[in-house]
>>> print(open('upload.pdb').read())   # PDB, C-alpha atoms and all ligand atoms
ATOM      1  CA  MET A   1      55.908  21.734  44.250  1.00  0.00           C
ATOM      2  CA  PRO A   2      55.698  18.057  43.386  1.00  0.00           C
ATOM      3  CA  ILE A   3      52.238  16.547  43.563  1.00  0.00           C
ATOM      4  CA  PHE A   4      52.358  13.358  45.532  1.00  0.00           C
ATOM      5  CA  SER A   5      50.560  11.235  48.012  1.00  0.00           C
ATOM      6  CA  LEU A   6      52.505   9.849  50.901  1.00  0.00           C
ATOM      7  CA  PRO A   7      52.725   6.142  51.556  1.00  0.00           C
ATOM      8  CA  ARG A   8      50.966   5.099  54.758  1.00  0.00           C
ATOM      9  CA  LEU A   9      54.235   4.156  56.423  1.00  0.00           C
ATOM     10  CA  TYR A  10      57.119   6.605  56.744  1.00  0.00           C
ATOM     11  CA  ALA A  11      60.061   4.747  58.223  1.00  0.00           C
ATOM     12  CA  ILE A  12      62.789   6.651  60.041  1.00  0.00           C
ATOM     13  CA  ALA A  13      66.243   5.163  60.475  1.00  0.00           C
ATOM     14  CA  ASP A  14      67.924   6.920  63.402  1.00  0.00           C
ATOM     15  CA  SER A  15      71.584   6.019  63.419  1.00  0.00           C
ATOM     16  CA  SER A  16      71.989   6.691  67.153  1.00  0.00           C
ATOM     17  CA  LEU A  17      69.725   3.754  67.965  1.00  0.00           C
ATOM     18  CA  LEU A  18      71.824   1.170  66.146  1.00  0.00           C
ATOM     19  CA  ARG A  19      74.972  -0.373  67.596  1.00  0.00           C
ATOM     20  CA  ASP A  20      77.364   0.246  64.714  1.00  0.00           C
ATOM     21  CA  GLU A  21      77.515   1.000  60.999  1.00  0.00           C
ATOM     22  CA  ALA A  22      76.991  -2.577  59.925  1.00  0.00           C
ATOM     23  CA  SER A  23      73.837  -2.937  62.028  1.00  0.00           C
ATOM     24  CA  PHE A  24      72.596   0.407  60.788  1.00  0.00           C
ATOM     25  CA  PHE A  25      72.879  -0.533  57.113  1.00  0.00           C
ATOM     26  CA  HIS A  26      71.466  -3.976  57.825  1.00  0.00           C
ATOM     27  CA  PHE A  27      68.505  -2.294  59.530  1.00  0.00           C
ATOM     28  CA  VAL A  28      67.948  -0.028  56.512  1.00  0.00           C
ATOM     29  CA  GLU A  29      68.026  -3.008  54.160  1.00  0.00           C
ATOM     30  CA  GLU A  30      65.544  -4.883  56.340  1.00  0.00           C
ATOM     31  CA  LEU A  31      63.175  -1.907  56.328  1.00  0.00           C
ATOM     32  CA  VAL A  32      63.321  -1.691  52.565  1.00  0.00           C
ATOM     33  CA  GLY A  33      63.097  -5.469  52.165  1.00  0.00           C
ATOM     34  CA  GLY A  34      59.866  -5.351  54.181  1.00  0.00           C
ATOM     35  CA  GLY A  35      58.343  -2.889  51.719  1.00  0.00           C
ATOM     36  CA  THR A  36      59.308   0.568  52.974  1.00  0.00           C
ATOM     37  CA  THR A  37      58.997   3.093  50.163  1.00  0.00           C
ATOM     38  CA  LEU A  38      59.633   6.295  52.125  1.00  0.00           C
ATOM     39  CA  LEU A  39      62.644   6.433  54.412  1.00  0.00           C
ATOM     40  CA  GLN A  40      64.119   9.251  56.448  1.00  0.00           C
ATOM     41  CA  TYR A  41      67.716   9.173  57.574  1.00  0.00           C
ATOM     42  CA  ARG A  42      68.090  10.833  60.976  1.00  0.00           C
ATOM     43  CA  ASN A  43      71.451  11.463  62.570  1.00  0.00           C
ATOM     44  CA  LYS A  44      71.586  14.106  65.280  1.00  0.00           C
ATOM     45  CA  SER A  45      75.095  13.329  66.519  1.00  0.00           C
ATOM     46  CA  GLY A  46      77.352  12.669  63.536  1.00  0.00           C
ATOM     47  CA  SER A  47      79.624  15.222  61.931  1.00  0.00           C
ATOM     48  CA  PRO A  48      78.403  16.566  58.581  1.00  0.00           C
ATOM     49  CA  ARG A  49      80.950  14.358  56.858  1.00  0.00           C
ATOM     50  CA  GLN A  50      79.774  11.245  58.693  1.00  0.00           C
ATOM     51  CA  VAL A  51      76.168  12.073  57.922  1.00  0.00           C
ATOM     52  CA  LEU A  52      76.986  12.526  54.256  1.00  0.00           C
ATOM     53  CA  ASP A  53      79.071   9.344  54.010  1.00  0.00           C
ATOM     54  CA  ARG A  54      76.281   7.288  55.563  1.00  0.00           C
ATOM     55  CA  ALA A  55      73.666   8.950  53.416  1.00  0.00           C
ATOM     56  CA  ARG A  56      75.611   8.080  50.276  1.00  0.00           C
ATOM     57  CA  GLU A  57      75.939   4.519  51.470  1.00  0.00           C
ATOM     58  CA  ILE A  58      72.188   4.306  52.093  1.00  0.00           C
ATOM     59  CA  LYS A  59      71.572   5.633  48.615  1.00  0.00           C
ATOM     60  CA  ARG A  60      73.968   3.077  47.154  1.00  0.00           C
ATOM     61  CA  ARG A  61      72.226   0.186  48.913  1.00  0.00           C
ATOM     62  CA  VAL A  62      68.617   1.146  48.381  1.00  0.00           C
ATOM     63  CA  ASP A  63      66.559   0.760  45.230  1.00  0.00           C
ATOM     64  CA  ARG A  64      65.830   4.015  43.397  1.00  0.00           C
ATOM     65  CA  SER A  65      62.114   3.539  43.896  1.00  0.00           C
ATOM     66  CA  VAL A  66      62.528   4.239  47.632  1.00  0.00           C
ATOM     67  CA  ARG A  67      62.169   7.941  48.441  1.00  0.00           C
ATOM     68  CA  LEU A  68      65.012   9.061  50.685  1.00  0.00           C
ATOM     69  CA  VAL A  69      64.586  12.029  52.998  1.00  0.00           C
ATOM     70  CA  MET A  70      67.408  13.760  54.860  1.00  0.00           C
ATOM     71  CA  ASN A  71      66.665  15.030  58.330  1.00  0.00           C
ATOM     72  CA  ASP A  72      67.530  18.693  59.011  1.00  0.00           C
ATOM     73  CA  ARG A  73      70.132  19.361  56.307  1.00  0.00           C
ATOM     74  CA  ALA A  74      69.261  20.704  52.871  1.00  0.00           C
ATOM     75  CA  ASP A  75      72.908  20.825  51.836  1.00  0.00           C
ATOM     76  CA  LEU A  76      73.516  17.171  52.694  1.00  0.00           C
ATOM     77  CA  CYS A  77      70.316  16.177  50.903  1.00  0.00           C
ATOM     78  CA  LEU A  78      71.699  17.627  47.697  1.00  0.00           C
ATOM     79  CA  ALA A  79      75.188  16.283  48.255  1.00  0.00           C
ATOM     80  CA  ALA A  80      73.871  12.752  48.833  1.00  0.00           C
ATOM     81  CA  GLY A  81      71.357  12.887  45.994  1.00  0.00           C
ATOM     82  CA  PHE A  82      68.410  12.329  48.345  1.00  0.00           C
ATOM     83  CA  ASP A  83      64.827  13.033  47.331  1.00  0.00           C
ATOM     84  CA  GLY A  84      63.808  15.375  50.109  1.00  0.00           C
ATOM     85  CA  VAL A  85      64.441  17.136  53.395  1.00  0.00           C
ATOM     86  CA  HIS A  86      62.602  17.132  56.689  1.00  0.00           C
ATOM     87  CA  VAL A  87      63.088  20.093  59.017  1.00  0.00           C
ATOM     88  CA  GLY A  88      62.053  20.863  62.571  1.00  0.00           C
ATOM     89  CA  GLN A  89      61.137  24.144  64.194  1.00  0.00           C
ATOM     90  CA  GLU A  90      64.765  24.978  65.001  1.00  0.00           C
ATOM     91  CA  ASP A  91      66.173  24.248  61.535  1.00  0.00           C
ATOM     92  CA  LEU A  92      66.191  26.358  58.390  1.00  0.00           C
ATOM     93  CA  SER A  93      62.731  27.680  57.578  1.00  0.00           C
ATOM     94  CA  ALA A  94      60.693  25.697  55.080  1.00  0.00           C
ATOM     95  CA  ASP A  95      60.967  28.419  52.473  1.00  0.00           C
ATOM     96  CA  GLY A  96      64.694  28.702  53.122  1.00  0.00           C
ATOM     97  CA  VAL A  97      65.082  24.981  52.485  1.00  0.00           C
ATOM     98  CA  ARG A  98      62.931  25.250  49.391  1.00  0.00           C
ATOM     99  CA  ARG A  99      65.307  27.800  47.935  1.00  0.00           C
ATOM    100  CA  VAL A 100      68.161  25.358  48.444  1.00  0.00           C
ATOM    101  CA  ILE A 101      66.514  22.152  47.210  1.00  0.00           C
ATOM    102  CA  GLY A 102      64.348  23.505  44.414  1.00  0.00           C
ATOM    103  CA  VAL A 103      60.800  22.578  43.506  1.00  0.00           C
ATOM    104  CA  GLU A 104      61.182  18.905  42.676  1.00  0.00           C
ATOM    105  CA  ARG A 105      62.461  17.546  45.967  1.00  0.00           C
ATOM    106  CA  TRP A 106      60.125  16.815  48.850  1.00  0.00           C
ATOM    107  CA  LEU A 107      60.002  19.057  51.865  1.00  0.00           C
ATOM    108  CA  GLY A 108      58.436  18.244  55.225  1.00  0.00           C
ATOM    109  CA  VAL A 109      58.125  20.281  58.402  1.00  0.00           C
ATOM    110  CA  SER A 110      57.630  19.109  61.990  1.00  0.00           C
ATOM    111  CA  THR A 111      54.947  20.845  64.005  1.00  0.00           C
ATOM    112  CA  HIS A 112      53.796  20.364  67.574  1.00  0.00           C
ATOM    113  CA  ASN A 113      50.689  22.517  67.949  1.00  0.00           C
ATOM    114  CA  ALA A 114      47.935  24.220  65.978  1.00  0.00           C
ATOM    115  CA  GLU A 115      49.800  27.494  65.587  1.00  0.00           C
ATOM    116  CA  GLN A 116      52.794  25.775  64.017  1.00  0.00           C
ATOM    117  CA  VAL A 117      50.522  23.791  61.701  1.00  0.00           C
ATOM    118  CA  LYS A 118      48.935  27.007  60.447  1.00  0.00           C
ATOM    119  CA  ILE A 119      52.321  28.567  59.823  1.00  0.00           C
ATOM    120  CA  ALA A 120      53.683  25.471  58.076  1.00  0.00           C
ATOM    121  CA  ASP A 121      50.542  25.295  55.955  1.00  0.00           C
ATOM    122  CA  ALA A 122      51.331  28.712  54.508  1.00  0.00           C
ATOM    123  CA  THR A 123      54.851  27.695  53.465  1.00  0.00           C
ATOM    124  CA  SER A 124      56.097  25.750  50.469  1.00  0.00           C
ATOM    125  CA  ALA A 125      56.307  22.545  52.555  1.00  0.00           C
ATOM    126  CA  ASP A 126      54.893  19.500  50.750  1.00  0.00           C
ATOM    127  CA  TYR A 127      53.766  17.746  53.904  1.00  0.00           C
ATOM    128  CA  ILE A 128      53.340  18.537  57.577  1.00  0.00           C
ATOM    129  CA  ALA A 129      54.254  16.293  60.483  1.00  0.00           C
ATOM    130  CA  ILE A 130      52.391  16.572  63.784  1.00  0.00           C
ATOM    131  CA  GLY A 131      53.564  15.131  67.056  1.00  0.00           C
ATOM    132  CA  PRO A 132      54.329  13.660  69.397  1.00  0.00           C
ATOM    133  CA  VAL A 133      50.987  11.874  69.129  1.00  0.00           C
ATOM    134  CA  PHE A 134      51.908   9.518  71.972  1.00  0.00           C
ATOM    135  CA  ALA A 135      54.786   9.474  74.452  1.00  0.00           C
ATOM    136  CA  THR A 136      58.146   8.888  72.796  1.00  0.00           C
ATOM    137  CA  SER A 137      61.635   8.122  73.998  1.00  0.00           C
ATOM    138  CA  SER A 138      63.288   8.567  70.596  1.00  0.00           C
ATOM    139  CA  LYS A 139      63.496  12.347  70.796  1.00  0.00           C
ATOM    140  CA  VAL A 140      65.460  14.510  73.203  1.00  0.00           C
ATOM    141  CA  ASN A 141      63.153  17.001  74.936  1.00  0.00           C
ATOM    142  CA  PRO A 142      59.996  16.142  73.028  1.00  0.00           C
ATOM    143  CA  ASP A 143      57.159  18.650  72.955  1.00  0.00           C
ATOM    144  CA  PRO A 144      54.004  17.839  74.930  1.00  0.00           C
ATOM    145  CA  VAL A 145      51.975  14.904  73.622  1.00  0.00           C
ATOM    146  CA  VAL A 146      49.244  16.115  71.248  1.00  0.00           C
ATOM    147  CA  GLY A 147      47.200  12.899  71.251  1.00  0.00           C
ATOM    148  CA  LEU A 148      44.708  11.832  68.625  1.00  0.00           C
ATOM    149  CA  GLU A 149      42.934  15.111  69.333  1.00  0.00           C
ATOM    150  CA  GLY A 150      46.021  16.962  68.113  1.00  0.00           C
ATOM    151  CA  VAL A 151      45.979  14.931  64.891  1.00  0.00           C
ATOM    152  CA  ARG A 152      42.303  15.781  64.357  1.00  0.00           C
ATOM    153  CA  ALA A 153      42.991  19.462  64.999  1.00  0.00           C
ATOM    154  CA  ALA A 154      45.918  19.471  62.568  1.00  0.00           C
ATOM    155  CA  ARG A 155      43.788  17.714  59.952  1.00  0.00           C
ATOM    156  CA  ALA A 156      41.230  20.483  60.168  1.00  0.00           C
ATOM    157  CA  LEU A 157      43.907  23.129  59.592  1.00  0.00           C
ATOM    158  CA  THR A 158      45.662  21.860  56.479  1.00  0.00           C
ATOM    159  CA  GLN A 159      44.995  20.060  53.258  1.00  0.00           C
ATOM    160  CA  LYS A 160      48.638  19.162  52.843  1.00  0.00           C
ATOM    161  CA  PRO A 161      49.515  15.524  53.442  1.00  0.00           C
ATOM    162  CA  LEU A 162      49.708  14.980  57.205  1.00  0.00           C
ATOM    163  CA  VAL A 163      52.244  12.711  58.879  1.00  0.00           C
ATOM    164  CA  ALA A 164      51.705  11.671  62.488  1.00  0.00           C
ATOM    165  CA  ILE A 165      54.747  10.905  64.622  1.00  0.00           C
ATOM    166  CA  GLY A 166      55.602   9.877  68.157  1.00  0.00           C
ATOM    167  CA  GLY A 167      55.002   6.574  69.927  1.00  0.00           C
ATOM    168  CA  ILE A 168      53.260   4.974  66.975  1.00  0.00           C
ATOM    169  CA  THR A 169      53.055   1.176  66.978  1.00  0.00           C
ATOM    170  CA  ARG A 170      51.291  -1.582  65.097  1.00  0.00           C
ATOM    171  CA  GLU A 171      48.681  -1.520  67.852  1.00  0.00           C
ATOM    172  CA  ASN A 172      47.769   2.171  67.667  1.00  0.00           C
ATOM    173  CA  CYS A 173      48.559   3.097  64.036  1.00  0.00           C
ATOM    174  CA  ARG A 174      45.014   2.589  62.735  1.00  0.00           C
ATOM    175  CA  SER A 175      43.641   5.044  65.267  1.00  0.00           C
ATOM    176  CA  VAL A 176      46.114   7.655  64.039  1.00  0.00           C
ATOM    177  CA  ILE A 177      45.038   7.241  60.416  1.00  0.00           C
ATOM    178  CA  GLU A 178      41.400   7.332  61.500  1.00  0.00           C
ATOM    179  CA  ALA A 179      42.115  10.629  63.265  1.00  0.00           C
ATOM    180  CA  GLY A 180      43.069  12.097  59.892  1.00  0.00           C
ATOM    181  CA  ALA A 181      46.759  11.368  59.303  1.00  0.00           C
ATOM    182  CA  ASP A 182      47.764  10.271  55.813  1.00  0.00           C
ATOM    183  CA  SER A 183      50.885   8.546  57.011  1.00  0.00           C
ATOM    184  CA  VAL A 184      52.579   7.385  60.212  1.00  0.00           C
ATOM    185  CA  ALA A 185      56.268   8.031  60.882  1.00  0.00           C
ATOM    186  CA  VAL A 186      57.893   5.453  63.112  1.00  0.00           C
ATOM    187  CA  ILE A 187      61.306   5.071  64.737  1.00  0.00           C
ATOM    188  CA  SER A 188      61.400   2.711  67.733  1.00  0.00           C
ATOM    189  CA  GLY A 189      58.354   0.744  66.628  1.00  0.00           C
ATOM    190  CA  LEU A 190      60.441  -0.644  63.749  1.00  0.00           C
ATOM    191  CA  LEU A 191      63.616  -1.542  65.596  1.00  0.00           C
ATOM    192  CA  ARG A 192      62.730  -5.148  66.400  1.00  0.00           C
ATOM    193  CA  GLU A 193      62.376  -7.507  63.453  1.00  0.00           C
ATOM    194  CA  PRO A 194      62.208  -4.580  61.013  1.00  0.00           C
ATOM    195  CA  ASN A 195      61.381  -6.608  57.927  1.00  0.00           C
ATOM    196  CA  LYS A 196      58.420  -8.357  59.552  1.00  0.00           C
ATOM    197  CA  THR A 197      57.305  -5.232  61.405  1.00  0.00           C
ATOM    198  CA  VAL A 198      57.199  -3.152  58.226  1.00  0.00           C
ATOM    199  CA  ARG A 199      55.118  -5.871  56.563  1.00  0.00           C
ATOM    200  CA  ASP A 200      52.783  -5.898  59.585  1.00  0.00           C
ATOM    201  CA  PHE A 201      52.385  -2.112  59.482  1.00  0.00           C
ATOM    202  CA  LEU A 202      51.663  -2.153  55.758  1.00  0.00           C
ATOM    203  CA  ALA A 203      49.107  -4.923  56.181  1.00  0.00           C
ATOM    204  CA  ILE A 204      47.385  -3.083  59.031  1.00  0.00           C
ATOM    205  CA  LEU A 205      47.403   0.280  57.266  1.00  0.00           C
ATOM    206  CA  GLY A 206      46.180  -1.151  53.971  1.00  0.00           C
TER
HETATM  207  N1  LIG B 301      59.742  13.884  66.195  1.00  0.00           N
HETATM  208  P1  LIG B 301      59.178   6.984  67.965  1.00  0.00           P
HETATM  209  S1  LIG B 301      58.445  12.659  67.967  1.00  0.00           S
HETATM  210  C1  LIG B 301      61.644  12.391  65.679  1.00  0.00           C
HETATM  211  O1  LIG B 301      56.957  15.272  67.836  1.00  0.00           O
HETATM  212  C2  LIG B 301      60.410  12.710  66.396  1.00  0.00           C
HETATM  213  O2  LIG B 301      57.960  15.949  66.061  1.00  0.00           O
HETATM  214  C3  LIG B 301      58.677  13.992  66.980  1.00  0.00           C
HETATM  215  O3  LIG B 301      60.035   8.219  67.494  1.00  0.00           O
HETATM  216  C4  LIG B 301      57.801  15.154  66.964  1.00  0.00           C
HETATM  217  O4  LIG B 301      58.466   6.449  66.787  1.00  0.00           O
HETATM  218  C5  LIG B 301      59.804  11.904  67.348  1.00  0.00           C
HETATM  219  O5  LIG B 301      60.222   6.028  68.473  1.00  0.00           O
HETATM  220  C6  LIG B 301      60.262  10.547  67.767  1.00  0.00           C
HETATM  221  O6  LIG B 301      58.293   7.455  69.090  1.00  0.00           O
HETATM  222  C7  LIG B 301      59.474   9.453  67.128  1.00  0.00           C
END
>>> encode(input="upload.pdb", output="structure tokens")
Amino acid sequence: MPIFSLPRLYAIADSSLLRDEASFFHFVEELVGGGTTLLQYRNKSGSPRQVLDRAREIKRRVDRSVRLVMNDRADLCLAAGFDGVHVGQEDLSADGVRRVIGVERWLGVSTHNAEQVKIADATSADYIAIGPVFATSSKVNPDPVVGLEGVRAARALTQKPLVAIGGITRENCRSVIEAGADSVAVISGLLREPNKTVRDFLAILG
């Protein structure tokens, strides 16, 4: 497994929230221009071919120093030359993904309660995400909100890098880090003025 520490901000570009392809790629470039160094591409509605084409285009436009993570799909991660995969509870198991992507690429797993954190901790996942910390409208059928208490509980259960997700904003992000998260993953909180908002997040998170 690669040894790494996560950047404080983990930006997620969800293609369903952008009007069209041009705005999507513009959004990605703004995120990176603002200083994003870890970026997940999330596309729950596109065909595999569309997802792959967009992923390749992201890769083409973004500096190599930015770590690119594919949501859900280990095969498309490899095909697009991304740096890692993030899976949820319904996707391939962490160890299944690991067999596909090998030891060098990053692997993250979403969890929503203490039991899932314990299970993910015992896998070959490099980092664990916990959420939703706060209410979110970016996910269909989100699990119950875990709150800052859920972040603290997850922190006590794993030494792997911990990513908090769900409803995180510039206003509440410090509290999430103080509760024990290493990094905050953000979707809707970056949609407006992405370049400036990323810079704000980075300044707040230090
Ligand atoms: N996963 P926003 S919450 C993609 O709980 C995702 O695992 C979650 O979007 C989880 O920053 C979520 O707009 C949505 O709230 C996060």
>>> resolve_selection(input="upload.pdb", expression="the PyMOL selection byres (((chain A and resi 93-98) around 7) and not hetatm)", output="number ranges by chain")
A: 74, 91-92, 99-103, 109, 123-125
>>> resolve_selection(input="upload.pdb", expression="the PyMOL selection byres (((chain A and resi 143) around 12) and not hetatm)", output="short mmCIF file (atom, residue, chain, number, x, y, z; two decimals) with C-alpha atoms, in the coordinates of the input")
data_model
loop_
_atom_site.label_atom_id
_atom_site.label_comp_id
_atom_site.auth_asym_id
_atom_site.auth_seq_id
_atom_site.Cartn_x
_atom_site.Cartn_y
_atom_site.Cartn_z
CA GLY A 88 62.05 20.86 62.57
CA GLN A 89 61.14 24.14 64.19
CA SER A 110 57.63 19.11 61.99
CA THR A 111 54.95 20.84 64.00
CA HIS A 112 53.80 20.36 67.57
CA ASN A 113 50.69 22.52 67.95
CA ILE A 130 52.39 16.57 63.78
CA GLY A 131 53.56 15.13 67.06
CA PRO A 132 54.33 13.66 69.40
CA VAL A 133 50.99 11.87 69.13
CA PHE A 134 51.91 9.52 71.97
CA ALA A 135 54.79 9.47 74.45
CA THR A 136 58.15 8.89 72.80
CA SER A 137 61.64 8.12 74.00
CA LYS A 139 63.50 12.35 70.80
CA VAL A 140 65.46 14.51 73.20
CA ASN A 141 63.15 17.00 74.94
CA PRO A 142 60.00 16.14 73.03
CA PRO A 144 54.00 17.84 74.93
CA VAL A 145 51.98 14.90 73.62
CA VAL A 146 49.24 16.11 71.25
CA GLY A 147 47.20 12.90 71.25
CA ILE A 165 54.75 10.90 64.62
CA GLY A 166 55.60 9.88 68.16
#
>>> resolve_selection(input="upload.pdb", expression="the PyMOL selection byres (((chain A and resi 199) around 12) and not hetatm)", output="list in words")
Arg8, Leu9, Ala11, Glu30, Leu31, Val32, Gly33, Gly34, Gly35, Thr36, Thr37, Arg170, Leu190, Glu193, Pro194, Asn195, Lys196, Thr197, Val198, Asp200, Phe201, Leu202, Ala203, Ile204, Leu205 and Gly206 of chain A
>>> atom_distance(input="upload.pdb", atom1="CA of Met70 in chain A", atom2="atom O4 of ligand LIG 301 (chain B)")
16.6 Å
>>> closest_residue(input="upload.pdb", among="A:Leu38, A:Ala179, A:Leu191, A:Ile119", to="Ser5 in chain A", atoms="all atoms listed in the file")
A:Leu38
>>> decode(input="upload.pdb", residues="range 7-28 of chain A", atoms="N, CA and C atoms", output="compact mmCIF listing (two decimals), in the first residue's frame")
# COMPACT_ATOMS: atom_id res chain seq x y z
N PRO A 7 -4.30 15.42 1.45
CA PRO A 7 -4.45 16.86 1.61
C PRO A 7 -5.72 17.17 2.39
N ARG A 8 -5.78 18.32 3.02
CA ARG A 8 -6.94 18.67 3.84
C ARG A 8 -8.22 18.77 3.02
N LEU A 9 -8.09 19.17 1.77
CA LEU A 9 -9.29 19.31 0.94
C LEU A 9 -9.30 18.24 -0.15
N TYR A 10 -10.42 17.54 -0.22
CA TYR A 10 -10.63 16.49 -1.23
C TYR A 10 -11.83 16.95 -2.06
N ALA A 11 -11.54 17.49 -3.22
CA ALA A 11 -12.61 18.04 -4.05
C ALA A 11 -13.26 16.92 -4.86
N ILE A 12 -14.58 16.99 -4.99
CA ILE A 12 -15.29 16.02 -5.82
C ILE A 12 -16.03 16.76 -6.93
N ALA A 13 -15.75 16.38 -8.16
CA ALA A 13 -16.45 16.96 -9.30
C ALA A 13 -17.50 15.95 -9.75
N ASP A 14 -18.77 16.31 -9.50
CA ASP A 14 -19.89 15.43 -9.85
C ASP A 14 -20.51 15.95 -11.13
N SER A 15 -20.38 15.16 -12.19
CA SER A 15 -20.77 15.70 -13.50
C SER A 15 -22.27 15.97 -13.60
N SER A 16 -23.08 15.34 -12.75
CA SER A 16 -24.53 15.56 -12.86
C SER A 16 -24.93 16.96 -12.37
N LEU A 17 -24.04 17.62 -11.65
CA LEU A 17 -24.39 18.93 -11.11
C LEU A 17 -23.98 20.08 -12.03
N LEU A 18 -23.33 19.75 -13.13
CA LEU A 18 -22.92 20.80 -14.06
C LEU A 18 -23.77 20.73 -15.32
N ARG A 19 -24.04 21.87 -15.89
CA ARG A 19 -24.97 22.01 -17.02
C ARG A 19 -24.57 21.16 -18.22
N ASP A 20 -23.34 21.24 -18.63
CA ASP A 20 -22.90 20.55 -19.85
C ASP A 20 -21.41 20.25 -19.74
N GLU A 21 -20.88 19.62 -20.77
CA GLU A 21 -19.47 19.20 -20.73
C GLU A 21 -18.53 20.38 -20.53
N ALA A 22 -18.81 21.45 -21.28
CA ALA A 22 -17.90 22.60 -21.21
C ALA A 22 -17.88 23.15 -19.78
N SER A 23 -19.06 23.28 -19.15
CA SER A 23 -19.05 23.81 -17.78
C SER A 23 -18.38 22.84 -16.83
N PHE A 24 -18.54 21.55 -17.10
CA PHE A 24 -17.90 20.57 -16.22
C PHE A 24 -16.37 20.72 -16.27
N PHE A 25 -15.82 20.76 -17.47
CA PHE A 25 -14.35 20.86 -17.56
C PHE A 25 -13.86 22.21 -17.05
N HIS A 26 -14.66 23.25 -17.28
CA HIS A 26 -14.28 24.56 -16.74
C HIS A 26 -14.24 24.49 -15.21
N PHE A 27 -15.26 23.85 -14.63
CA PHE A 27 -15.32 23.69 -13.18
C PHE A 27 -14.07 22.97 -12.66
N VAL A 28 -13.71 21.86 -13.32
CA VAL A 28 -12.53 21.10 -12.91
C VAL A 28 -11.28 21.99 -12.96
